[in-house]
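What follows is a single structure, written as structure tokens, with notes after it.
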Amino acid sequence: MAREVLVVVGLVVFAAAFRACRKNWTRKLGALVFLVASFLALYFLTHNIWAGMLAVLGWFFLPWIELLTRVRKMRLPIDNQLQHRDPPEDEFFPNASRALAAMSDAHFEHVGDSAWKWAGMEQYFRLHWNPEERAVATVCLCEQDNVAFAFLAITSRAEDGRIFRTTNFPFSPTLKNPPGFHCKHVPCERNCFHLMLQDHQSFLAKMKVTHDDLTTPDPENLEDEIEEEMRVQIEHNLQHGIIERTNDGHFRYSVRGLFFLWKQFAKDMIRLC
């Protein structure tokens with residue numbers, strides 16, 4: 001029995017070491033090793049392969065604890081509005097200074113700072129635009145319960161209403177994207193704005209969108225466009241039953257929506273950004 005314990009402990013140590021590495025493939029390998037350790041731990045206790053498989057599958061069903069306790073009780077505003085907010089200090093805004101400097105080098109001009117709240121989470125937006133690129137760049141900070149993460153997004157809009165966005169947002173979307181919205185996710189460690197701008201240009205080329213197909217952003221309407229984009233997405237998800245209205249001007253996730261979120265959580269666990 002001591003040998004089996006040492007095998008499991010050794011695998012857990014290896015998994016933690018791999019997960020601490022910066023390379024994406026090593027972190028994925030660390031997660032795989034951790035699943036193997038979970039399998040062996042229960043297998044050694046029961047000598048049953050199916051018990052070991054249940055130990056592995058159990059990790060993928062852990063999100064249901066949060067889904068059934070916190071998420072199911074959440075009430076989110078249907079008509080949310082951005083408010084002007086002073087940006088957080090740099091120490092609370094990971095990589096903001098470097099990203100903002102890179103935006104300035106790429107001739108993206110600062111437009112304003114806004115924020116809104118979603119069920120205890122606050123999102124800050126630092127908005128920039130470049131009329132020559134016909135694009136809007138955003139540095140966004142999400143804060144909830146003293147946990148914060150930041151991401152970048154570059155958005156272009158076509159004359160026919162389609163929206164094209166490149167982002168290193170580290171998670172799968174929590175709502176279905178409406179028709180006409182096209183998003184390219186790049187790895188979250190790809191936080192160099194110049195590289196993301198190249199990714200965005202390649203994305204537009206892949207979608208066969210030319211520079212002449214794009215509209216020139218109006219810096220006065222950037223906040224209105226974000227609000228309208230959210231309203232369209234909420235309406236799309238109401239129609240598809242992912243969310244449902246409450247009696248107080250809010251919405252909550254339906255049962256179908258909880259299964260949608262669980263699928264998104266599982267994708268994130270497999271992708272291991």
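To be explicit about the labels: the chains of the structure tokens are called A, B, and onward in the order shown, and within each one the residues are counted from 1, while ligands get numbers from 1 in the order they are shown.
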
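By only C-alpha atoms, and with residues fewer than 6 positions from Leu127 in chain A along its chain excluded, the set lying at most 8 Å from it is His110, Val111, Gly112, Asp113, Val136, Ala137, Thr138, Val139 and Leu222 of chain A.
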
- Task: Would you kindly return, as a ChimeraX atom specification, each protein, DNA or RNA residue with an atom no farther than 9 Å from any atom of range 73-86 of chain A, considering only C-alpha atoms and excluding same-chain residues fewer than 4 positions away?
- Result: /A:67-69,112-119,124-125,223-224,226-227,230-231,234-235,245-246,248-253

Contacts of range 49-56 of chain A at 9 Å or less, counting only C-alpha atoms, minus same-chain residues fewer than 3 places along, as a CSV table (one decimal) with C-alpha atoms, in the first residue's frame?
```
chain,number,residue,atom,x,y,z
A,35,LEU,CA,-6.2,13.1,-13.8
A,36,VAL,CA,-4.1,9.9,-13.9
A,38,SER,CA,-7.0,10.8,-9.4
A,39,PHE,CA,-7.7,7.6,-11.4
A,40,LEU,CA,-5.0,5.6,-9.6
A,41,ALA,CA,-5.9,6.9,-6.1
A,42,LEU,CA,-9.4,5.5,-6.3
A,43,TYR,CA,-8.3,2.4,-8.2
A,44,PHE,CA,-5.7,1.5,-5.6
A,46,THR,CA,-11.1,-0.2,-4.6
A,59,TRP,CA,-13.7,16.6,-11.8
A,60,PHE,CA,-15.8,17.5,-14.9
```

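One distance worth recording is that between CA of Thr166 in chain A and CA of Glu229 in chain A, which is 15.5 Å.
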
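In this structure, CA of His128 in chain A sits 26.5 Å away from CA of Asn146 in chain A.
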
- Where in range 88-234 of chain A does DSSP assign helix (DSSP H, G or I), given as an MDAnalysis selection string? chainID A and resid 90:92 96:105 193:206 211:213 219:234

- Message: Give me the residues near Leu6 in chain A as a ChimeraX atom specification, where near means some atom within 12 Å (using only C-alpha atoms) and where sequence neighbours in that chain fewer than 4 positions away do not count.
- Response: /A:1-2,10-13,37,40-41,44

- Quick one: residues within 10 Å of Glu159 in chain A, only C-alpha atoms counted, chain neighbours fewer than 6 positions away excluded, as a ChimeraX atom specification? /A:212-216

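Considering the residues A:Phe61, A:Ser104, A:Pro87, A:Gly161 and counting only C-alpha atoms, Phe259 in chain A has its shortest atom-to-atom contact with A:Phe61.
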
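A straight line drawn from CA of Gln233 in chain A to CA of Arg162 in chain A is 13.2 Å long.
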
- Distance query Ser172 in chain A at most 12 Å, only C-alpha atoms, self and fewer than 2 positions along chain excluded, as a list in words: Thr167, Asn168, Phe169, Pro170, Thr174, Leu175, Lys176, Asn177, Cys183, Lys184, His185, Val186, Pro187, Cys188, Phe260, Leu261, Trp262, Lys263, Gln264, Phe265, Ala266, Lys267, Asp268, Met269, Ile270, Arg271, Leu272 and Cys273 of chain A

- Item | All strand (DSSP E or B) residues (DSSP, backbone) inside range 11-98 of chain A, as an NGL selection string | :A and (76-77 or 83-84)
